[in-house]
$ cat coords_36.cif   # mmCIF, C-alpha atoms and all ligand atoms
data_final
loop_
_atom_site.label_atom_id
_atom_site.label_comp_id
_atom_site.auth_asym_id
_atom_site.auth_seq_id
_atom_site.Cartn_x
_atom_site.Cartn_y
_atom_site.Cartn_z
CA MET A 1 -25.56 86.04 -57.74
CA THR A 2 -24.97 83.36 -55.15
CA THR A 3 -22.96 83.68 -51.95
CA ALA A 4 -20.97 81.05 -50.07
CA LEU A 5 -19.69 81.32 -46.50
CA ILE A 6 -16.70 79.11 -45.68
CA THR A 7 -15.21 78.60 -42.22
CA GLY A 8 -11.53 77.74 -41.97
CA ALA A 9 -11.14 79.30 -45.39
CA THR A 10 -7.49 80.36 -45.13
CA ALA A 11 -5.79 76.98 -45.60
CA GLY A 12 -6.15 73.45 -46.92
CA ILE A 13 -9.63 72.19 -47.77
CA GLY A 14 -11.36 75.49 -46.89
CA ALA A 15 -9.06 77.47 -49.19
CA ALA A 16 -9.71 74.90 -51.94
CA PHE A 17 -13.47 75.44 -51.51
CA ALA A 18 -12.92 79.21 -51.72
CA ARG A 19 -10.88 78.94 -54.96
CA ARG A 20 -13.34 76.54 -56.58
CA LEU A 21 -16.46 78.52 -55.64
CA ALA A 22 -14.92 81.87 -56.65
CA SER A 23 -14.03 80.38 -60.05
CA SER A 24 -17.72 79.44 -60.42
CA GLY A 25 -18.78 83.03 -59.68
CA TYR A 26 -19.84 82.73 -56.04
CA HIS A 27 -19.44 85.81 -53.85
CA LEU A 28 -17.55 84.77 -50.74
CA VAL A 29 -17.59 85.31 -47.01
CA LEU A 30 -14.40 83.84 -45.56
CA ALA A 31 -14.07 83.08 -41.84
CA ALA A 32 -11.05 82.08 -39.73
CA ARG A 33 -8.93 83.57 -36.92
CA ASP A 34 -6.06 85.14 -38.88
CA THR A 35 -7.40 88.48 -40.19
CA GLU A 36 -4.36 89.36 -42.29
CA ARG A 37 -4.39 86.02 -44.05
CA LEU A 38 -8.17 86.27 -44.62
CA TRP A 39 -7.86 89.67 -46.33
CA ARG A 40 -4.90 88.51 -48.43
CA GLU A 41 -6.96 85.59 -49.71
CA ALA A 42 -10.13 87.68 -50.19
CA THR A 43 -8.23 90.28 -52.22
CA GLU A 44 -6.55 87.65 -54.37
CA LEU A 45 -9.87 85.88 -55.15
CA HIS A 46 -11.60 89.19 -55.87
CA ASP A 47 -8.80 90.27 -58.23
CA ARG A 48 -8.62 86.92 -60.03
CA HIS A 49 -12.34 86.12 -60.38
CA GLY A 50 -14.10 89.49 -60.00
CA VAL A 51 -16.29 88.23 -57.14
CA GLU A 52 -17.04 90.08 -53.91
CA ALA A 53 -15.11 88.63 -50.99
CA ASP A 54 -15.75 89.66 -47.41
CA VAL A 55 -14.13 88.32 -44.25
CA ILE A 56 -15.16 87.57 -40.66
CA THR A 57 -12.42 87.17 -38.09
CA SER A 58 -13.76 84.60 -35.68
CA ASP A 59 -12.43 82.01 -33.30
CA LEU A 60 -15.05 79.26 -33.44
CA ALA A 61 -13.83 77.89 -30.12
CA THR A 62 -15.46 80.94 -28.50
CA ASP A 63 -19.07 81.96 -28.06
CA ASP A 64 -18.42 85.41 -29.56
CA GLY A 65 -16.70 83.87 -32.57
CA ILE A 66 -19.61 81.55 -33.33
CA ALA A 67 -22.12 84.38 -32.72
CA ALA A 68 -20.37 86.65 -35.26
CA VAL A 69 -20.78 84.07 -38.01
CA GLU A 70 -24.35 83.23 -36.94
CA GLU A 71 -25.22 86.92 -37.25
CA ARG A 72 -23.94 87.02 -40.86
CA LEU A 73 -25.90 83.87 -41.72
CA ARG A 74 -29.10 85.45 -40.36
CA ASP A 75 -28.70 88.64 -42.40
CA THR A 76 -31.70 88.27 -44.69
CA ALA A 77 -30.64 91.32 -46.75
CA HIS A 78 -27.52 89.37 -47.85
CA PRO A 79 -28.52 85.71 -47.93
CA VAL A 80 -25.96 82.93 -47.91
CA ASP A 81 -26.76 80.17 -50.41
CA LEU A 82 -24.00 77.74 -49.49
CA LEU A 83 -22.41 77.24 -46.07
CA VAL A 84 -19.23 75.20 -45.75
CA ASN A 85 -18.51 74.30 -42.12
CA ASN A 86 -14.89 73.33 -42.60
CA ALA A 87 -12.84 74.83 -39.72
CA GLY A 88 -11.20 72.13 -37.67
CA PHE A 89 -7.99 70.89 -36.13
CA GLY A 90 -6.30 67.94 -34.46
CA ASN A 91 -4.97 68.00 -30.92
CA LYS A 92 -1.32 67.29 -30.17
CA GLY A 93 -1.58 63.90 -28.53
CA ARG A 94 -3.76 61.01 -27.51
CA TYR A 95 -6.49 60.83 -24.89
CA LEU A 96 -5.25 62.04 -21.45
CA GLU A 97 -2.11 63.47 -23.08
CA VAL A 98 -4.27 66.36 -24.26
CA GLY A 99 -5.67 68.82 -21.72
CA LEU A 100 -9.42 68.86 -21.16
CA ALA A 101 -9.59 72.50 -22.31
CA ASP A 102 -8.20 71.48 -25.72
CA GLU A 103 -10.65 68.56 -26.01
CA LEU A 104 -13.52 70.91 -25.17
CA ALA A 105 -12.28 73.48 -27.70
CA MET A 106 -12.36 70.73 -30.32
CA LEU A 107 -15.96 69.83 -29.43
CA ARG A 108 -16.87 73.49 -29.67
CA VAL A 109 -15.32 74.00 -33.12
CA HIS A 110 -16.31 70.61 -34.57
CA CYS A 111 -19.75 70.18 -32.95
CA GLU A 112 -21.21 73.31 -31.29
CA ALA A 113 -20.15 75.67 -34.09
CA VAL A 114 -21.36 73.23 -36.76
CA LEU A 115 -24.74 72.84 -35.02
CA ARG A 116 -25.25 76.57 -34.48
CA LEU A 117 -24.06 77.68 -37.93
CA THR A 118 -25.98 74.95 -39.74
CA SER A 119 -29.12 75.94 -37.81
CA ALA A 120 -28.70 79.66 -38.53
CA ALA A 121 -28.13 78.96 -42.24
CA THR A 122 -30.81 76.34 -42.84
CA ALA A 123 -33.54 78.29 -41.03
CA SER A 124 -33.31 81.09 -43.59
CA MET A 125 -32.59 78.70 -46.49
CA ARG A 126 -35.80 76.84 -45.68
CA GLU A 127 -37.76 80.10 -45.80
CA ARG A 128 -36.30 80.84 -49.25
CA GLY A 129 -36.80 77.22 -50.35
CA ARG A 130 -33.18 76.76 -51.46
CA GLY A 131 -29.65 76.43 -50.18
CA GLY A 132 -26.93 73.97 -49.28
CA VAL A 133 -24.62 73.10 -46.39
CA VAL A 134 -21.41 71.08 -46.57
CA ASN A 135 -20.16 69.92 -43.18
CA VAL A 136 -16.58 68.71 -43.34
CA ALA A 137 -16.28 65.58 -41.21
CA SER A 138 -13.65 62.90 -41.88
CA VAL A 139 -13.26 59.24 -42.65
CA ALA A 140 -12.14 59.14 -38.99
CA ALA A 141 -15.88 59.30 -38.22
CA PHE A 142 -16.02 55.56 -38.94
CA PHE A 143 -13.07 54.48 -36.76
CA PRO A 144 -12.15 54.70 -33.05
CA ARG A 145 -9.85 57.75 -33.06
CA GLY A 146 -10.21 59.68 -29.81
CA THR A 147 -12.25 62.86 -29.46
CA TYR A 148 -11.37 63.78 -33.05
CA GLY A 149 -13.03 60.68 -34.53
CA ALA A 150 -15.96 60.96 -32.12
CA SER A 151 -16.58 64.61 -33.01
CA LYS A 152 -16.49 63.79 -36.74
CA ALA A 153 -18.91 60.88 -36.15
CA TRP A 154 -21.27 63.43 -34.59
CA VAL A 155 -20.88 65.76 -37.62
CA THR A 156 -21.65 62.89 -39.99
CA GLN A 157 -24.69 61.59 -38.08
CA PHE A 158 -26.07 65.07 -37.40
CA THR A 159 -25.73 66.14 -41.03
CA GLN A 160 -27.31 63.01 -42.48
CA GLY A 161 -30.17 63.25 -39.97
CA ALA A 162 -30.79 66.94 -40.69
CA ALA A 163 -30.70 66.21 -44.45
CA LYS A 164 -33.51 63.70 -43.95
CA ASP A 165 -35.51 66.08 -41.73
CA LEU A 166 -35.29 68.88 -44.31
CA ALA A 167 -35.80 66.69 -47.37
CA GLY A 168 -38.22 68.12 -49.93
CA GLN A 169 -37.84 71.70 -48.63
CA GLY A 170 -35.14 72.84 -51.03
CA VAL A 171 -32.24 72.62 -48.54
CA ARG A 172 -29.46 70.09 -49.11
CA LEU A 173 -26.94 68.97 -46.50
CA LEU A 174 -23.82 66.93 -47.12
CA ALA A 175 -21.34 65.35 -44.71
CA LEU A 176 -17.93 65.29 -46.40
CA CYS A 177 -15.67 62.49 -45.11
CA PRO A 178 -12.22 62.67 -46.68
CA GLY A 179 -9.24 60.50 -45.78
CA PHE A 180 -5.76 62.02 -45.40
CA VAL A 181 -5.51 65.30 -47.33
CA ARG A 182 -2.30 67.28 -47.86
CA THR A 183 -2.96 70.52 -45.95
CA GLU A 184 -1.52 72.31 -42.89
CA PHE A 185 -3.57 70.06 -40.60
CA HIS A 186 -0.93 67.49 -39.59
CA GLU A 187 1.86 69.98 -39.05
CA ARG A 188 -0.39 72.20 -36.92
CA ALA A 189 -1.34 69.15 -34.82
CA GLY A 190 2.29 68.11 -34.43
CA MET A 191 1.58 64.79 -36.15
CA GLY A 192 4.30 62.90 -37.94
CA THR A 193 3.01 61.64 -41.28
CA GLY A 194 5.86 59.23 -42.04
CA ASN A 195 3.76 56.09 -41.44
CA ILE A 196 0.93 57.14 -43.77
CA PRO A 197 1.29 55.27 -47.09
CA ARG A 198 1.48 57.49 -50.19
CA TRP A 199 -1.64 56.01 -51.74
CA MET A 200 -3.70 57.27 -48.79
CA TRP A 201 -3.05 60.96 -49.53
CA LEU A 202 -5.75 62.96 -51.31
CA ASP A 203 -5.59 66.30 -53.09
CA ALA A 204 -7.73 69.08 -51.56
CA ASP A 205 -8.98 70.36 -54.94
CA LYS A 206 -10.19 66.89 -55.94
CA VAL A 207 -11.87 66.40 -52.56
CA VAL A 208 -13.77 69.67 -53.07
CA GLU A 209 -14.76 68.71 -56.63
CA THR A 210 -16.22 65.41 -55.40
CA ALA A 211 -18.07 67.11 -52.54
CA LEU A 212 -19.74 69.67 -54.79
CA ARG A 213 -20.69 66.99 -57.30
CA ASP A 214 -22.23 64.83 -54.54
CA LEU A 215 -24.11 67.86 -53.14
CA ALA A 216 -25.50 68.63 -56.60
CA ARG A 217 -26.63 64.99 -56.90
CA GLY A 218 -28.59 65.31 -53.65
CA ARG A 219 -26.39 62.95 -51.63
CA SER A 220 -26.00 63.46 -47.87
CA LEU A 221 -22.66 61.62 -47.52
CA SER A 222 -19.55 62.09 -49.62
CA ILE A 223 -16.51 59.83 -49.32
CA PRO A 224 -14.03 61.12 -51.89
CA ASP A 225 -11.94 58.59 -53.76
CA PRO A 226 -12.74 54.93 -54.56
CA ARG A 227 -9.76 53.76 -52.47
CA TYR A 228 -11.39 55.06 -49.28
CA LYS A 229 -14.78 53.65 -50.27
CA ALA A 230 -13.11 50.25 -50.67
CA LEU A 231 -11.26 50.69 -47.37
CA LEU A 232 -14.50 51.45 -45.53
CA GLY A 233 -16.21 48.45 -47.13
CA ALA A 234 -13.30 46.17 -46.16
CA SER A 235 -13.19 47.59 -42.61
CA ARG A 236 -16.62 46.09 -41.96
CA LEU A 237 -15.10 42.63 -42.37
CA ILE A 238 -12.21 43.25 -39.95
CA PRO A 239 -12.64 42.40 -36.22
CA GLN A 240 -13.26 45.58 -34.16
CA GLY A 241 -10.20 45.00 -31.92
CA VAL A 242 -7.80 44.85 -34.87
CA LEU A 243 -9.50 47.82 -36.51
CA GLY A 244 -9.20 49.90 -33.32
CA ARG A 245 -5.49 49.11 -33.01
CA VAL A 246 -4.69 50.05 -36.62
CA SER A 247 -6.87 53.14 -36.57
CA SER A 248 -5.45 54.52 -33.31
CA THR A 249 -1.89 54.30 -34.65
CA THR A 250 -2.07 55.20 -38.37
CA GLY A 251 -1.26 58.89 -38.80
CA ARG A 252 -1.28 59.47 -35.02
CA LYS A 253 2.42 59.71 -34.33
CA PHE A 254 2.89 62.90 -32.30
CA GLY A 255 6.11 64.77 -31.71
CA PRO A 256 8.94 66.09 -33.88
CA GLN A 257 8.45 65.39 -37.63
N1 LIG B 1 -6.17 67.19 -43.73
C1 LIG B 1 -6.76 66.03 -43.52
O1 LIG B 1 -6.13 64.96 -43.63
C2 LIG B 1 -8.22 65.97 -43.16
C3 LIG B 1 -8.88 64.76 -43.32
C4 LIG B 1 -10.23 64.67 -43.02
C5 LIG B 1 -10.90 65.78 -42.56
N2 LIG B 1 -10.24 66.95 -42.38
C6 LIG B 1 -11.01 68.09 -41.87
O2 LIG B 1 -10.99 69.10 -42.85
C7 LIG B 1 -11.19 70.37 -42.23
C8 LIG B 1 -10.14 71.35 -42.74
O3 LIG B 1 -8.88 70.86 -42.35
P1 LIG B 1 -7.55 71.10 -43.21
O4 LIG B 1 -6.92 69.79 -43.38
O5 LIG B 1 -7.83 71.94 -44.39
O6 LIG B 1 -6.70 71.90 -42.10
P2 LIG B 1 -5.77 73.21 -42.18
O7 LIG B 1 -5.01 73.25 -43.46
O8 LIG B 1 -5.01 73.20 -40.90
O9 LIG B 1 -6.82 74.42 -42.16
C9 LIG B 1 -7.64 74.62 -41.05
C10 LIG B 1 -8.46 75.90 -41.23
O10 LIG B 1 -9.34 76.02 -40.09
C11 LIG B 1 -9.12 77.30 -39.46
N3 LIG B 1 -9.34 77.13 -38.01
C12 LIG B 1 -8.70 76.30 -37.17
N4 LIG B 1 -9.13 76.47 -35.91
C13 LIG B 1 -10.10 77.44 -35.96
C14 LIG B 1 -10.91 78.08 -34.99
N5 LIG B 1 -10.80 77.81 -33.67
N6 LIG B 1 -11.78 79.03 -35.39
C15 LIG B 1 -11.87 79.35 -36.71
N7 LIG B 1 -11.12 78.80 -37.67
C16 LIG B 1 -10.23 77.85 -37.30
C17 LIG B 1 -7.69 77.70 -39.84
O11 LIG B 1 -7.48 79.11 -39.89
P3 LIG B 1 -6.97 80.00 -38.62
O12 LIG B 1 -5.82 79.27 -38.00
O13 LIG B 1 -6.62 81.34 -39.20
O14 LIG B 1 -8.15 80.10 -37.70
C18 LIG B 1 -7.61 77.15 -41.26
O15 LIG B 1 -8.20 78.07 -42.17
C19 LIG B 1 -11.14 70.12 -40.72
O16 LIG B 1 -12.45 70.10 -40.20
C20 LIG B 1 -10.48 68.75 -40.62
O17 LIG B 1 -10.87 68.07 -39.44
C21 LIG B 1 -8.91 67.08 -42.68
#

$ encode --input "coords_36.cif" --output "structure tokens"
Amino acid sequence: MTTALITGATAGIGAAFARRLASSGYHLVLAARDTERLWREATELHDRHGVEADVITSDLATDDGIAAVEERLRDTAHPVDLLVNNAGFGNKGRYLEVGLADELAMLRVHCEAVLRLTSAATASMRERGRGGVVNVASVAAFFPRGTYGASKAWVTQFTQGAAKDLAGQGVRLLALCPGFVRTEFHERAGMGTGNIPRWMWLDADKVVETALRDLARGRSLSIPDPRYKALLGASRLIPQGVLGRVSSTTGRKFGPQ
């Protein structure tokens, strides 16, 4: 049997990964901060699909939280075959409106945790000659969008680079770059979504389906949905100044919904 470990598994894209992988027979290790919610989800997936589902309560903005997940990934008696580094969040405001501690917490969750967990997982996957890692970045990786966009650009570059470095050794890495997905993300970040056109919204289950298909095909970058592929292609033709202005405003309206 195969085992998948998913961070940020209690909501949105992470929960969609958990549902999809459980339905394919993966045993699960679910990580997030809310223990009660983790166990509720683990029990439901176990009951529905008959898979084993364990949980790790961990705050990936802390050293202890990252270390707890690293330890599980290094447990050679219970190997993890697929790691999904999905936990993430948006801060409530633009640059200088957000405190430095919150910016640093974002870098820790989006970059340090992804680096450390990917390293812990791939080291043992390489020894076994098989395994996969999906690092959830964002289409924001390709646009100027504060610390959030910059951190997701790091995830994308790091993942594609590591995929090349480990090529031919049985370990696959994929950077997943979705556009706007209907999850708890925007509400948690206090972002108004009124100015995001309807066509830009993606469904979490479809995003996950595309990611797993691209991973199976050996790709290192997944941009779900042809509309976003076209948008990225077109963005290369738009002057940087205009692009920066549009990208720093679309979906970045903070305050009451
Ligand atoms: N929604 C979008 O439009 C969109 C677009 C592109 C990329 N993404 C990326 O997709 C990923 C998932 O986002 P989502 O939209 O599914 O958001 P979501 O619905 O808000 O879910 C976020 C998940 O991450 C966990 N989490 C947050 N902070 C954490 C921390 N410090 N330590 C451990 N777990 C933490 C949350 O659980 P707890 O609160 O219990 O910890 C929750 O399970 C993120 O990396 C996000 O940047 C989202």

$ closest_residue --input "coords_36.cif" --among "A:Ser220, A:Ser23, A:Ser247, A:Thr193" --to "A:Ala141" --atoms "all atoms listed in the file"
A:Ser247

$ residues_near_ligand --input "coords_36.cif" --ligand "ligand LIG 1 (chain B)" --cutoff "7 Å" --atoms "only C-alpha atoms and all ligand atoms" --output "MDAnalysis selection string"
chainID A and resid 7:14 31:34 58:61 86:90 109:110 136:139 177:186 188

$ write_last_selection --input "coords_36.cif" --atoms "C-alpha atoms" --output "mmCIF file, in the coordinates of the input"
data_model
loop_
_atom_site.group_PDB
_atom_site.id
_atom_site.type_symbol
_atom_site.label_atom_id
_atom_site.label_comp_id
_atom_site.auth_asym_id
_atom_site.auth_seq_id
_atom_site.Cartn_x
_atom_site.Cartn_y
_atom_site.Cartn_z
ATOM 1 C CA THR A 7 -15.210 78.600 -42.220
ATOM 2 C CA GLY A 8 -11.530 77.740 -41.970
ATOM 3 C CA ALA A 9 -11.140 79.300 -45.390
ATOM 4 C CA THR A 10 -7.490 80.360 -45.130
ATOM 5 C CA ALA A 11 -5.790 76.980 -45.600
ATOM 6 C CA GLY A 12 -6.150 73.450 -46.920
ATOM 7 C CA ILE A 13 -9.630 72.190 -47.770
ATOM 8 C CA GLY A 14 -11.360 75.490 -46.890
ATOM 9 C CA ALA A 31 -14.070 83.080 -41.840
ATOM 10 C CA ALA A 32 -11.050 82.080 -39.730
ATOM 11 C CA ARG A 33 -8.930 83.570 -36.920
ATOM 12 C CA ASP A 34 -6.060 85.140 -38.880
ATOM 13 C CA SER A 58 -13.760 84.600 -35.680
ATOM 14 C CA ASP A 59 -12.430 82.010 -33.300
ATOM 15 C CA LEU A 60 -15.050 79.260 -33.440
ATOM 16 C CA ALA A 61 -13.830 77.890 -30.120
ATOM 17 C CA ASN A 86 -14.890 73.330 -42.600
ATOM 18 C CA ALA A 87 -12.840 74.830 -39.720
ATOM 19 C CA GLY A 88 -11.200 72.130 -37.670
ATOM 20 C CA PHE A 89 -7.990 70.890 -36.130
ATOM 21 C CA GLY A 90 -6.300 67.940 -34.460
ATOM 22 C CA VAL A 109 -15.320 74.000 -33.120
ATOM 23 C CA HIS A 110 -16.310 70.610 -34.570
ATOM 24 C CA VAL A 136 -16.580 68.710 -43.340
ATOM 25 C CA ALA A 137 -16.280 65.580 -41.210
ATOM 26 C CA SER A 138 -13.650 62.900 -41.880
ATOM 27 C CA VAL A 139 -13.260 59.240 -42.650
ATOM 28 C CA CYS A 177 -15.670 62.490 -45.110
ATOM 29 C CA PRO A 178 -12.220 62.670 -46.680
ATOM 30 C CA GLY A 179 -9.240 60.500 -45.780
ATOM 31 C CA PHE A 180 -5.760 62.020 -45.400
ATOM 32 C CA VAL A 181 -5.510 65.300 -47.330
ATOM 33 C CA ARG A 182 -2.300 67.280 -47.860
ATOM 34 C CA THR A 183 -2.960 70.520 -45.950
ATOM 35 C CA GLU A 184 -1.520 72.310 -42.890
ATOM 36 C CA PHE A 185 -3.570 70.060 -40.600
ATOM 37 C CA HIS A 186 -0.930 67.490 -39.590
ATOM 38 C CA ARG A 188 -0.390 72.200 -36.920
#

$ atom_distance --input "coords_36.cif" --atom1 "atom CA of A:Ala68" --atom2 "atom CA of A:Arg20"
24.6 Å

$ atom_distance --input "coords_36.cif" --atom1 "atom CA of A:Ser119" --atom2 "atom CA of A:Arg40"
29.3 Å

$ axis_aligned_box --input "coords_36.cif" --around "stretch 6-22 of chain A" --padding-each-side "5 Å" --output "JSON"
{"center_x": -11.2, "center_y": 77.0, "center_z": -49.3, "size_x": 20.9, "size_y": 19.7, "size_z": 24.7}

$ atom_distance --input "coords_36.cif" --atom1 "atom CA of A:Thr35" --atom2 "atom CA of A:Glu52"
16.8 Å

$ residues_around --input "coords_36.cif" --residues "A:Arg145" --least-positions-apart "5" --cutoff "8 Å" --atoms "all atoms listed in the file" --output "ChimeraX atom specification"
/A:140,150,244,247-248

$ closest_residue --input "coords_36.cif" --among "A:Leu173, A:Ala121, A:Met106, A:Val242" --to "A:Ser151" --atoms "all atoms listed in the file"
A:Met106

$ residues_around --input "coords_36.cif" --residues "A:Asp214" --least-positions-apart "2" --cutoff "12 Å" --atoms "all atoms listed in the file" --output "JSON, numbers by chain"
{"A": [132, 133, 134, 172, 173, 174, 175, 176, 177, 207, 208, 209, 210, 211, 212, 216, 217, 218, 219, 220, 221, 222, 223, 224]}

$ write_last_selection --input "coords_36.cif" --atoms "C-alpha atoms" --output "compact mmCIF listing (two decimals), in the frame of the given file"
# COMPACT_ATOMS: atom_id res chain seq x y z
CA GLY A 132 -26.93 73.97 -49.28
CA VAL A 133 -24.62 73.10 -46.39
CA VAL A 134 -21.41 71.08 -46.57
CA ARG A 172 -29.46 70.09 -49.11
CA LEU A 173 -26.94 68.97 -46.50
CA LEU A 174 -23.82 66.93 -47.12
CA ALA A 175 -21.34 65.35 -44.71
CA LEU A 176 -17.93 65.29 -46.40
CA CYS A 177 -15.67 62.49 -45.11
CA VAL A 207 -11.87 66.40 -52.56
CA VAL A 208 -13.77 69.67 -53.07
CA GLU A 209 -14.76 68.71 -56.63
CA THR A 210 -16.22 65.41 -55.40
CA ALA A 211 -18.07 67.11 -52.54
CA LEU A 212 -19.74 69.67 -54.79
CA ALA A 216 -25.50 68.63 -56.60
CA ARG A 217 -26.63 64.99 -56.90
CA GLY A 218 -28.59 65.31 -53.65
CA ARG A 219 -26.39 62.95 -51.63
CA SER A 220 -26.00 63.46 -47.87
CA LEU A 221 -22.66 61.62 -47.52
CA SER A 222 -19.55 62.09 -49.62
CA ILE A 223 -16.51 59.83 -49.32
CA PRO A 224 -14.03 61.12 -51.89

$ closest_residue --input "coords_36.cif" --among "A:Ile6, A:Trp154, A:Phe17, A:Leu166" --to "A:Leu117" --atoms "all atoms listed in the file"
A:Ile6

$ closest_residue --input "coords_36.cif" --among "A:Ile56, A:Val84, A:Thr43, A:Arg94" --to "A:Val69" --atoms "all atoms listed in the file"
A:Ile56

$ closest_residue --input "coords_36.cif" --among "A:Leu96, A:Ala101, A:Ala4, A:Ala123" --to "A:Leu82" --atoms "only C-alpha atoms"
A:Ala4

$ residues_around --input "coords_36.cif" --residues "A:Thr62" --least-positions-apart "3" --cutoff "10 Å" --atoms "only C-alpha atoms" --output "PDB file with C-alpha atoms, in the frame of the given file"
ATOM      1  CA  SER A  58     -13.760  84.600 -35.680  1.00  0.00           C
ATOM      2  CA  ASP A  59     -12.430  82.010 -33.300  1.00  0.00           C
ATOM      3  CA  GLY A  65     -16.700  83.870 -32.570  1.00  0.00           C
ATOM      4  CA  ILE A  66     -19.610  81.550 -33.330  1.00  0.00           C
ATOM      5  CA  ALA A  67     -22.120  84.380 -32.720  1.00  0.00           C
ATOM      6  CA  ALA A 105     -12.280  73.480 -27.700  1.00  0.00           C
ATOM      7  CA  ARG A 108     -16.870  73.490 -29.670  1.00  0.00           C
ATOM      8  CA  VAL A 109     -15.320  74.000 -33.120  1.00  0.00           C
ATOM      9  CA  GLU A 112     -21.210  73.310 -31.290  1.00  0.00           C
ATOM     10  CA  ALA A 113     -20.150  75.670 -34.090  1.00  0.00           C
TER      11      ALA A 113
END

$ closest_residue --input "coords_36.cif" --among "A:Arg130, A:Phe142, A:Ser235, A:Thr147" --to "A:Gly168" --atoms "all atoms listed in the file"
A:Arg130

$ residues_near_point --input "coords_36.cif" --point "(-33.9, 71.8, -44.6)" --cutoff "6 Å" --atoms "all atoms listed in the file" --output "list in words"
Thr122, Arg126, Leu166, Gln169 and Val171 of chain A

$ build_atoms --input "coords_36.cif" --residues "stretch 71-76 of chain A" --atoms "all heavy atoms" --output "PDB file, in the coordinates of the input"
ATOM      1  N   GLU A  71     -24.587  85.638 -36.913  1.00  0.00           N
ATOM      2  CA  GLU A  71     -25.220  86.920 -37.250  1.00  0.00           C
ATOM      3  C   GLU A  71     -25.202  87.151 -38.769  1.00  0.00           C
ATOM      4  O   GLU A  71     -26.194  87.552 -39.366  1.00  0.00           O
ATOM      5  CB  GLU A  71     -24.483  88.044 -36.528  1.00  0.00           C
ATOM      6  CG  GLU A  71     -25.229  89.349 -36.537  1.00  0.00           C
ATOM      7  CD  GLU A  71     -24.395  90.469 -35.902  1.00  0.00           C
ATOM      8  OE1 GLU A  71     -23.522  90.169 -35.064  1.00  0.00           O
ATOM      9  OE2 GLU A  71     -24.613  91.622 -36.274  1.00  0.00           O
ATOM     10  N   ARG A  72     -24.045  86.846 -39.391  1.00  0.00           N
ATOM     11  CA  ARG A  72     -23.940  87.020 -40.860  1.00  0.00           C
ATOM     12  C   ARG A  72     -24.897  86.081 -41.592  1.00  0.00           C
ATOM     13  O   ARG A  72     -25.503  86.446 -42.597  1.00  0.00           O
ATOM     14  CB  ARG A  72     -22.483  86.788 -41.285  1.00  0.00           C
ATOM     15  CG  ARG A  72     -22.254  86.882 -42.793  1.00  0.00           C
ATOM     16  CD  ARG A  72     -22.611  88.249 -43.361  1.00  0.00           C
ATOM     17  NE  ARG A  72     -22.549  88.282 -44.809  1.00  0.00           N
ATOM     18  CZ  ARG A  72     -23.523  87.874 -45.615  1.00  0.00           C
ATOM     19  NH1 ARG A  72     -24.668  87.417 -45.095  1.00  0.00           N
ATOM     20  NH2 ARG A  72     -23.382  87.947 -46.919  1.00  0.00           N
ATOM     21  N   LEU A  73     -25.032  84.851 -41.063  1.00  0.00           N
ATOM     22  CA  LEU A  73     -25.900  83.870 -41.720  1.00  0.00           C
ATOM     23  C   LEU A  73     -27.381  84.242 -41.594  1.00  0.00           C
ATOM     24  O   LEU A  73     -28.200  83.820 -42.399  1.00  0.00           O
ATOM     25  CB  LEU A  73     -25.666  82.474 -41.119  1.00  0.00           C
ATOM     26  CG  LEU A  73     -24.317  81.830 -41.474  1.00  0.00           C
ATOM     27  CD1 LEU A  73     -24.029  80.636 -40.578  1.00  0.00           C
ATOM     28  CD2 LEU A  73     -24.280  81.412 -42.941  1.00  0.00           C
ATOM     29  N   ARG A  74     -27.700  85.051 -40.577  1.00  0.00           N
ATOM     30  CA  ARG A  74     -29.100  85.450 -40.360  1.00  0.00           C
ATOM     31  C   ARG A  74     -29.450  86.751 -41.066  1.00  0.00           C
ATOM     32  O   ARG A  74     -30.587  87.210 -40.986  1.00  0.00           O
ATOM     33  CB  ARG A  74     -29.382  85.608 -38.860  1.00  0.00           C
ATOM     34  CG  ARG A  74     -29.345  84.294 -38.116  1.00  0.00           C
ATOM     35  CD  ARG A  74     -29.947  84.438 -36.719  1.00  0.00           C
ATOM     36  NE  ARG A  74     -29.861  83.187 -36.010  1.00  0.00           N
ATOM     37  CZ  ARG A  74     -29.167  82.989 -34.893  1.00  0.00           C
ATOM     38  NH1 ARG A  74     -28.503  83.991 -34.335  1.00  0.00           N
ATOM     39  NH2 ARG A  74     -29.143  81.807 -34.316  1.00  0.00           N
ATOM     40  N   ASP A  75     -28.478  87.356 -41.727  1.00  0.00           N
ATOM     41  CA  ASP A  75     -28.700  88.640 -42.400  1.00  0.00           C
ATOM     42  C   ASP A  75     -29.515  88.399 -43.681  1.00  0.00           C
ATOM     43  O   ASP A  75     -28.971  88.029 -44.723  1.00  0.00           O
ATOM     44  CB  ASP A  75     -27.322  89.260 -42.737  1.00  0.00           C
ATOM     45  CG  ASP A  75     -27.454  90.589 -43.459  1.00  0.00           C
ATOM     46  OD1 ASP A  75     -28.597  90.994 -43.762  1.00  0.00           O
ATOM     47  OD2 ASP A  75     -26.404  91.214 -43.727  1.00  0.00           O
ATOM     48  N   THR A  76     -30.811  88.617 -43.570  1.00  0.00           N
ATOM     49  CA  THR A  76     -31.700  88.270 -44.690  1.00  0.00           C
ATOM     50  C   THR A  76     -31.504  89.214 -45.887  1.00  0.00           C
ATOM     51  O   THR A  76     -31.863  88.877 -47.007  1.00  0.00           O
ATOM     52  CB  THR A  76     -33.181  88.308 -44.250  1.00  0.00           C
ATOM     53  OG1 THR A  76     -33.395  89.526 -43.531  1.00  0.00           O
ATOM     54  CG2 THR A  76     -33.525  87.122 -43.385  1.00  0.00           C
TER      55      THR A  76
END
